[in-house]
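Q: Contents of run.pdb (PDB, C-alpha atoms and all ligand atoms) are below:
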```
ATOM      1  CA  MET E 432     -12.239  -1.608 -39.005
ATOM      2  CA  THR E 433     -12.030  -5.305 -39.860
ATOM      3  CA  SER E 434     -13.638  -7.944 -37.721
ATOM      4  CA  SER E 435     -10.200  -9.209 -36.626
ATOM      5  CA  GLN E 436      -9.280  -5.693 -35.378
ATOM      6  CA  GLU E 437     -12.556  -5.429 -33.473
ATOM      7  CA  ALA E 438     -11.683  -8.628 -31.636
ATOM      8  CA  LEU E 439      -8.410  -7.186 -30.313
ATOM      9  CA  PRO E 440      -8.530  -6.257 -26.614
ATOM     10  CA  SER E 441      -7.920  -2.580 -25.811
ATOM     11  CA  LEU E 442      -4.659  -1.488 -24.215
ATOM     12  CA  TYR E 443      -6.665  -0.609 -21.112
ATOM     13  CA  HIS E 444      -7.989  -4.157 -20.982
ATOM     14  CA  ILE E 445      -4.467  -5.550 -21.375
ATOM     15  CA  ALA E 446      -3.168  -3.231 -18.617
ATOM     16  CA  THR E 447      -5.975  -4.333 -16.302
ATOM     17  CA  THR E 448      -5.230  -7.979 -17.007
ATOM     18  CA  PHE E 449      -1.537  -7.342 -16.315
ATOM     19  CA  LEU E 450      -2.312  -5.750 -12.943
ATOM     20  CA  SER E 451      -4.589  -8.583 -12.007
ATOM     21  CA  ALA E 452      -1.912 -11.117 -13.033
ATOM     22  CA  CYS E 453       0.579  -9.349 -10.724
ATOM     23  CA  SER E 454      -1.944  -9.581  -7.893
ATOM     24  CA  ARG E 455      -2.399 -13.290  -8.500
ATOM     25  CA  VAL E 456       1.331 -13.912  -8.463
ATOM     26  CA  LEU E 457       1.551 -12.199  -5.066
ATOM     27  CA  ASN E 458      -1.432 -14.231  -3.817
ATOM     28  CA  ILE E 459       0.468 -17.395  -4.686
ATOM     29  CA  LYS E 460       3.878 -16.247  -3.469
ATOM     30  CA  SER E 461       2.658 -14.864  -0.182
ATOM     31  CA  PRO E 462      -0.980 -15.136   0.907
ATOM     32  CA  GLU E 463      -0.059 -13.117   4.014
ATOM     33  CA  HIS E 464       1.020 -10.138   1.904
ATOM     34  CA  ALA E 465      -2.056 -10.584  -0.267
ATOM     35  CA  PHE E 466      -4.278 -10.352   2.828
ATOM     36  CA  HIS E 467      -2.321  -7.283   3.942
ATOM     37  CA  ARG E 468      -2.980  -5.305   0.772
ATOM     38  CA  THR E 469      -6.648  -6.323   0.802
ATOM     39  CA  ARG E 470      -7.035  -5.027   4.364
ATOM     40  CA  VAL E 471      -5.109  -1.845   3.523
ATOM     41  CA  ARG E 472      -7.456  -1.309   0.574
ATOM     42  CA  ASP E 473     -10.506  -1.745   2.835
ATOM     43  CA  PHE E 474      -9.092   0.614   5.485
ATOM     44  CA  ALA E 475      -8.230   3.168   2.803
ATOM     45  CA  TYR E 476     -11.743   3.089   1.389
ATOM     46  CA  ALA E 477     -13.314   3.248   4.845
ATOM     47  CA  VAL E 478     -11.447   6.457   5.732
ATOM     48  CA  SER E 479     -11.473   8.155   2.325
ATOM     49  CA  ARG E 480     -14.598   6.804   0.559
ATOM     50  CA  ASP E 481     -12.498   7.250  -2.576
ATOM     51  CA  PRO E 482     -12.423   4.190  -4.879
ATOM     52  CA  ARG E 483      -9.266   5.458  -6.575
ATOM     53  CA  ILE E 484      -7.384   5.568  -3.282
ATOM     54  CA  ALA E 485      -8.688   2.092  -2.467
ATOM     55  CA  PHE E 486      -7.391   0.889  -5.834
ATOM     56  CA  VAL E 487      -3.965   2.446  -5.247
ATOM     57  CA  ALA E 488      -3.877   0.893  -1.764
ATOM     58  CA  PHE E 489      -4.542  -2.517  -3.248
ATOM     59  CA  HIS E 490      -1.500  -2.161  -5.496
ATOM     60  CA  HIS E 491       0.871  -0.333  -3.134
ATOM     61  CA  ASP E 492       2.965  -3.474  -2.534
ATOM     62  CA  ASP E 493       2.752  -5.127  -5.972
ATOM     63  CA  GLY E 494       6.544  -5.007  -6.206
ATOM     64  CA  LYS E 495       6.718  -7.714  -3.560
ATOM     65  CA  ILE E 496       6.334 -10.183  -6.406
ATOM     66  CA  GLY E 497      10.011  -9.442  -7.068
ATOM     67  CA  ILE E 498      11.101 -10.294  -3.507
ATOM     68  CA  PRO E 499      12.391 -13.817  -2.766
ATOM     69  CA  VAL E 500       9.813 -16.054  -1.064
ATOM     70  CA  LYS E 501      12.228 -16.869   1.754
ATOM     71  CA  LEU E 502      12.208 -13.194   2.776
ATOM     72  CA  LEU E 503       8.454 -12.805   2.390
ATOM     73  CA  HIS E 504       7.963 -15.820   4.672
ATOM     74  CA  ALA E 505      10.829 -15.213   7.120
ATOM     75  CA  LYS E 506       9.612 -15.977  10.638
ATOM     76  CA  ARG E 507      12.207 -13.688  12.204
ATOM     77  CA  PRO E 508      13.212 -10.044  11.877
ATOM     78  CA  LEU E 509      15.149  -9.487   8.670
ATOM     79  CA  THR E 510      18.865  -8.839   8.730
ATOM     80  CA  GLU E 511      20.206  -5.493   7.544
ATOM     81  CA  ASP E 512      21.054  -6.934   4.105
ATOM     82  CA  GLU E 513      17.698  -8.668   3.827
ATOM     83  CA  ARG E 514      15.923  -5.448   4.740
ATOM     84  CA  LYS E 515      17.719  -3.715   1.872
ATOM     85  CA  VAL E 516      16.425  -6.390  -0.502
ATOM     86  CA  MET E 517      12.905  -6.133   0.949
ATOM     87  CA  LYS E 518      12.970  -2.337   0.579
ATOM     88  CA  LYS E 519      13.392  -2.774  -3.144
ATOM     89  CA  HIS E 520       9.727  -3.713  -3.400
ATOM     90  CA  ASN E 521       8.940   0.005  -3.521
ATOM     91  CA  GLU E 522      11.079   0.494  -6.614
ATOM     92  CA  TYR E 523       9.626  -2.677  -8.166
ATOM     93  CA  THR E 524       6.108  -1.430  -7.435
ATOM     94  CA  ARG E 525       6.857   1.835  -9.215
ATOM     95  CA  ASN E 526       8.278   0.005 -12.225
ATOM     96  CA  ILE E 527       5.312  -2.353 -12.494
ATOM     97  CA  LEU E 528       2.722   0.392 -12.155
ATOM     98  CA  ARG E 529       4.528   2.704 -14.586
ATOM     99  CA  MET E 530       3.964   0.087 -17.279
ATOM    100  CA  VAL E 531       0.182   0.525 -17.105
ATOM    101  CA  GLU E 532       0.103   4.303 -16.608
ATOM    102  CA  PRO E 533      -0.169   5.223 -20.303
ATOM    103  CA  HIS E 534      -3.118   2.854 -20.688
ATOM    104  CA  GLY E 535      -5.735   4.298 -18.359
ATOM    105  CA  TYR E 536      -3.906   4.375 -15.027
ATOM    106  CA  SER E 537      -2.381   7.822 -15.036
ATOM    107  CA  GLY E 538      -0.488   8.706 -11.856
ATOM    108  CA  LEU E 539      -0.790   5.224 -10.357
ATOM    109  CA  SER E 540       2.929   4.651  -9.719
ATOM    110  CA  THR E 541       3.429   8.036  -8.033
ATOM    111  CA  LEU E 542       0.375   7.626  -5.837
ATOM    112  CA  ALA E 543       1.346   4.085  -4.825
ATOM    113  CA  ALA E 544       4.967   5.049  -4.131
ATOM    114  CA  SER E 545       3.763   7.715  -1.699
ATOM    115  CA  ALA E 546       2.898   4.853   0.680
ATOM    116  CA  HIS E 547       6.619   4.348   1.259
ATOM    117  CA  ASP E 548       7.755   7.966   1.236
ATOM    118  CA  TYR E 549       8.022   8.420   4.997
ATOM    119  CA  ARG E 550       9.080  11.700   6.531
ATOM    120  CA  ARG E 551      10.067  12.075  10.116
ATOM    121  CA  LYS E 552       8.444  14.643  12.402
ATOM    122  CA  GLU E 553      11.613  16.589  12.945
ATOM    123  CA  GLN E 554      12.267  16.945   9.247
ATOM    124  CA  VAL E 555      10.904  20.282   8.138
ATOM    125  CA  VAL E 556      10.743  19.373   4.503
ATOM    126  CA  ILE E 557       8.388  19.736   1.633
ATOM    127  CA  PRO E 558       6.849  16.279   1.396
ATOM    128  CA  PHE E 559       7.383  15.997  -2.352
ATOM    129  CA  PRO E 560       9.679  17.568  -4.914
ATOM    130  CA  ASP E 561       8.681  21.117  -5.803
ATOM    131  CA  ARG E 562       6.667  20.280  -8.867
ATOM    132  CA  ARG E 563       4.317  18.139  -6.778
ATOM    133  CA  GLN E 564       4.077  20.133  -3.581
ATOM    134  CA  ASN E 565       0.889  21.840  -4.623
ATOM    135  CA  ASN E 566      -0.968  18.628  -5.226
ATOM    136  CA  PRO E 567      -3.190  18.231  -2.175
ATOM    137  CA  TYR E 568      -4.681  15.021  -3.545
ATOM    138  CA  LEU E 569      -1.272  13.345  -3.653
ATOM    139  CA  LEU E 570      -0.543  14.497  -0.105
ATOM    140  CA  TYR E 571      -3.883  13.159   1.061
ATOM    141  CA  VAL E 572      -3.321   9.790  -0.669
ATOM    142  CA  LYS E 573       0.085   9.579   0.975
ATOM    143  CA  GLU E 574      -1.376  10.231   4.436
ATOM    144  CA  VAL E 575      -4.138   7.682   3.942
ATOM    145  CA  LEU E 576      -1.845   4.964   2.571
ATOM    146  CA  GLN E 577       0.815   5.416   5.224
ATOM    147  CA  ALA E 578      -1.630   5.407   8.127
ATOM    148  CA  CYS E 579      -3.554   2.389   6.774
ATOM    149  CA  ASP E 580      -0.404   0.442   5.892
ATOM    150  CA  ALA E 581       1.279   0.957   9.267
ATOM    151  CA  PHE E 582      -1.928   0.442  11.255
ATOM    152  CA  ASP E 583      -2.615  -2.845   9.485
ATOM    153  CA  VAL E 584       0.891  -4.150  10.128
ATOM    154  CA  LEU E 585       0.502  -3.400  13.835
ATOM    155  CA  VAL E 586      -2.993  -4.773  14.459
ATOM    156  CA  HIS E 587      -2.491  -7.874  12.311
ATOM    157  CA  GLY E 588       1.182  -8.454  12.969
ATOM    158  CA  ARG E 589       3.728  -9.936  10.616
ATOM    159  CA  VAL E 590       4.940 -13.493  10.225
ATOM    160  CA  TYR E 591       7.665 -12.747  12.770
ATOM    161  CA  GLN E 592       5.834 -10.198  14.908
ATOM    162  CA  PRO E 593       2.624 -10.744  16.917
ATOM    163  CA  PRO E 594      -0.232  -8.262  16.552
ATOM    164  CA  VAL E 595      -0.801  -5.549  19.143
ATOM    165  CA  SER E 596      -4.067  -4.183  20.532
ATOM    166  CA  ILE E 597      -5.871  -1.345  18.774
ATOM    167  CA  GLU E 598      -4.938   1.041  21.600
ATOM    168  CA  GLU E 599      -1.268   0.036  21.390
ATOM    169  CA  ALA E 600      -1.315   0.471  17.628
ATOM    170  CA  ILE E 601      -2.753   3.986  17.921
ATOM    171  CA  ALA E 602      -0.233   4.947  20.605
ATOM    172  CA  THR E 603       2.659   3.480  18.608
ATOM    173  CA  LEU E 604       1.751   5.443  15.494
ATOM    174  CA  LEU E 605       1.157   8.713  17.319
ATOM    175  CA  GLU E 606       4.441   8.411  19.216
ATOM    176  CA  SER E 607       6.331   7.301  16.120
ATOM    177  CA  GLU E 608       8.993   9.445  14.492
ATOM    178  CA  VAL E 609       6.934   9.347  11.335
ATOM    179  CA  ASN E 610       4.422  12.106  10.980
ATOM    180  CA  PHE E 611       1.198  10.098  10.791
ATOM    181  CA  ASP E 612      -2.049  12.035  10.616
ATOM    182  CA  GLU E 613      -3.633  11.808  14.068
ATOM    183  CA  GLY E 614      -7.222  12.090  12.834
ATOM    184  CA  LEU E 615      -6.742   9.230  10.391
ATOM    185  CA  VAL E 616      -5.036   7.054  12.985
ATOM    186  CA  ARG E 617      -7.883   7.513  15.488
ATOM    187  CA  GLU E 618     -10.469   6.874  12.773
ATOM    188  CA  LEU E 619      -8.721   3.623  11.862
ATOM    189  CA  GLY E 620      -8.910   2.595  15.514
ATOM    190  CA  ASP E 621     -12.682   3.203  15.485
ATOM    191  CA  ILE E 622     -13.118   1.261  12.237
ATOM    192  CA  LYS E 623     -11.177  -1.699  13.609
ATOM    193  CA  ARG E 624     -13.208  -1.708  16.846
ATOM    194  CA  VAL E 625     -16.434  -1.841  14.828
ATOM    195  CA  GLN E 626     -15.017  -4.674  12.658
ATOM    196  CA  ARG E 627     -14.089  -6.661  15.764
ATOM    197  CA  ARG E 628     -17.528  -6.158  17.334
ATOM    198  CA  LYS E 629     -19.144  -7.460  14.130
ATOM    199  CA  VAL E 630     -16.973 -10.600  14.188
ATOM    200  CA  ALA E 631     -17.513 -11.258  17.923
TER     201      ALA E 631
HETATM  202 FE    FE O 701       5.353  -1.830   1.359
HETATM  203 FE    FE O 702       2.182  -2.486   2.768
END
```
Is it possible to express this structure as structure tokens?
Ligand SMILES: [Fe+2]
Ligand SMILES: [Fe+2]
A:
Amino acid sequence: MTSSQEALPSLYHIATTFLSACSRVLNIKSPEHAFHRTRVRDFAYAVSRDPRIAFVAFHHDDGKIGIPVKLLHAKRPLTEDERKVMKKHNEYTRNILRMVEPHGYSGLSTLAASAHDYRRKEQVVIPFPDRRQNNPYLLYVKEVLQACDAFDVLVHGRVYQPPVSIEEAIATLLESEVNFDEGLVRELGDIKRVQRRKVA
């Protein structure tokens, strides 16, 4: 190997730099969304103690870099058409994360997309297509991401929606049509109470 080849960064290093560049773009475009994914990462680690899940949580909304700033900052509920545009961040997230998968981030796009793959309680369905149904890790990641994501949105609010109390957030999630894991939801409530006591 020549000295010039030795100086080349590895594909893993390039992929990592790419992911961090995406994160920085989102920080600039929407600090609020950047705070959201940081909190979701911290919640996810607190309930799972799994650094990989925390990493996936941090990137679950990377596709928001493709959403117009005026929608990210809208201080009102989005219209039906705007919601359709906003929903595209899931597809964008998948596309971004797929780009780094061959370079040390295997499975990242699938794990991150599970955050948005909601199933309603009344739907008796296999949560994932057949080939993935036997992957308990993926199912667990999905449960963690969905509970942490939704809990964070409720207790911290959105630009157009004030935050609710921890008790209201727990009740809202448990009464929701989405099948959130009750144990995780209650654990998130406990974690948030401890965080608030530390700040007070
Ligand atoms: Fe999202
Ligand atoms: Fe999110």
Q: Please identify every polymer residue within 9 Å of ligand FE 701 (chain O), using all atoms listed in the file, and present the set as a list of chain:residue names.
A: E:His491, E:Asp492, E:Asp493, E:Gly494, E:Lys495, E:Met517, E:Lys518, E:His520, E:Asn521, E:Thr524, E:Ala544, E:Ala546, E:His547, E:Asp580
Q: Using all atoms listed in the file, find the one residue out of E:Asp512, E:Asp612, E:Glu618, E:Asp583 that sits nearest to ligand FE 702 (chain O).
A: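 Counting all atoms listed in the file, the residue closest to ligand FE 702 (chain O) is E:Asp583.
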Q: Translate the PyMOL selection byres (((chain E and resi 596-609) around 7) and not hetatm), as applied to the file shown, into an explicit residue set as a list in words.
A: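 Listing what the PyMOL selection byres (((chain E and resi 596-609) around 7) and not hetatm) selects in the shown file: Tyr549, Arg550, Arg551, Lys552, Phe582, Leu585, Val586, Pro594, Val595, Asn610, Phe611, Glu613, Val616, Arg617 and Gly620 of chain E.
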Q: Enter the distance from atom CA of Arg514 of chain E to atom CA of Ser451 of chain E, in Å, rounded to one decimal.
A: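 According to the coordinates, atom CA of Arg514 of chain E and atom CA of Ser451 of chain E are separated by 26.7 Å.
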Q: Distance atom CA of Ile445 of chain E-atom CA of Ser537 of chain E, one decimal place?
A: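 Taking atom CA of Ile445 of chain E as the start and atom CA of Ser537 of chain E as the end point, the length is 14.9 Å.
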Q: In Å, how far is it from atom CA of Ile498 of chain E to atom CA of Ser461 of chain E?
A: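 Computing it gives 10.2 Å between the two atoms.
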Q: Would you mind telling me which residue in E:Val478, E:Leu528, E:Val630, E:Val590 lies nearest to Ala578 of chain E when using all atoms listed in the file?
A: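 Of E:Val478, E:Leu528, E:Val630, E:Val590, the one nearest Ala578 of chain E, counting all atoms listed in the file, is E:Val478.
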Q: Would you mind telling me which residue in E:Gly588, E:Pro482, E:Gly535, E:Gly614 lies nearest to ligand FE 702 (chain O) when using all atoms listed in the file?
A: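 The answer is E:Gly588, which sits nearest to ligand FE 702 (chain O).
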Q: Between E:Ile622, E:Val500, E:Ala485, E:Ala505, which residue has the minimum interatomic distance to Val572 of chain E, considering all atoms listed in the file?
A: E:Ala485
Q: In terms of the shortest atom-to-atom distance over all atoms listed in the file, which of E:Lys501, E:His464, E:Arg480, E:His534 is closest to ligand FE 702 (chain O)?
A: E:His464
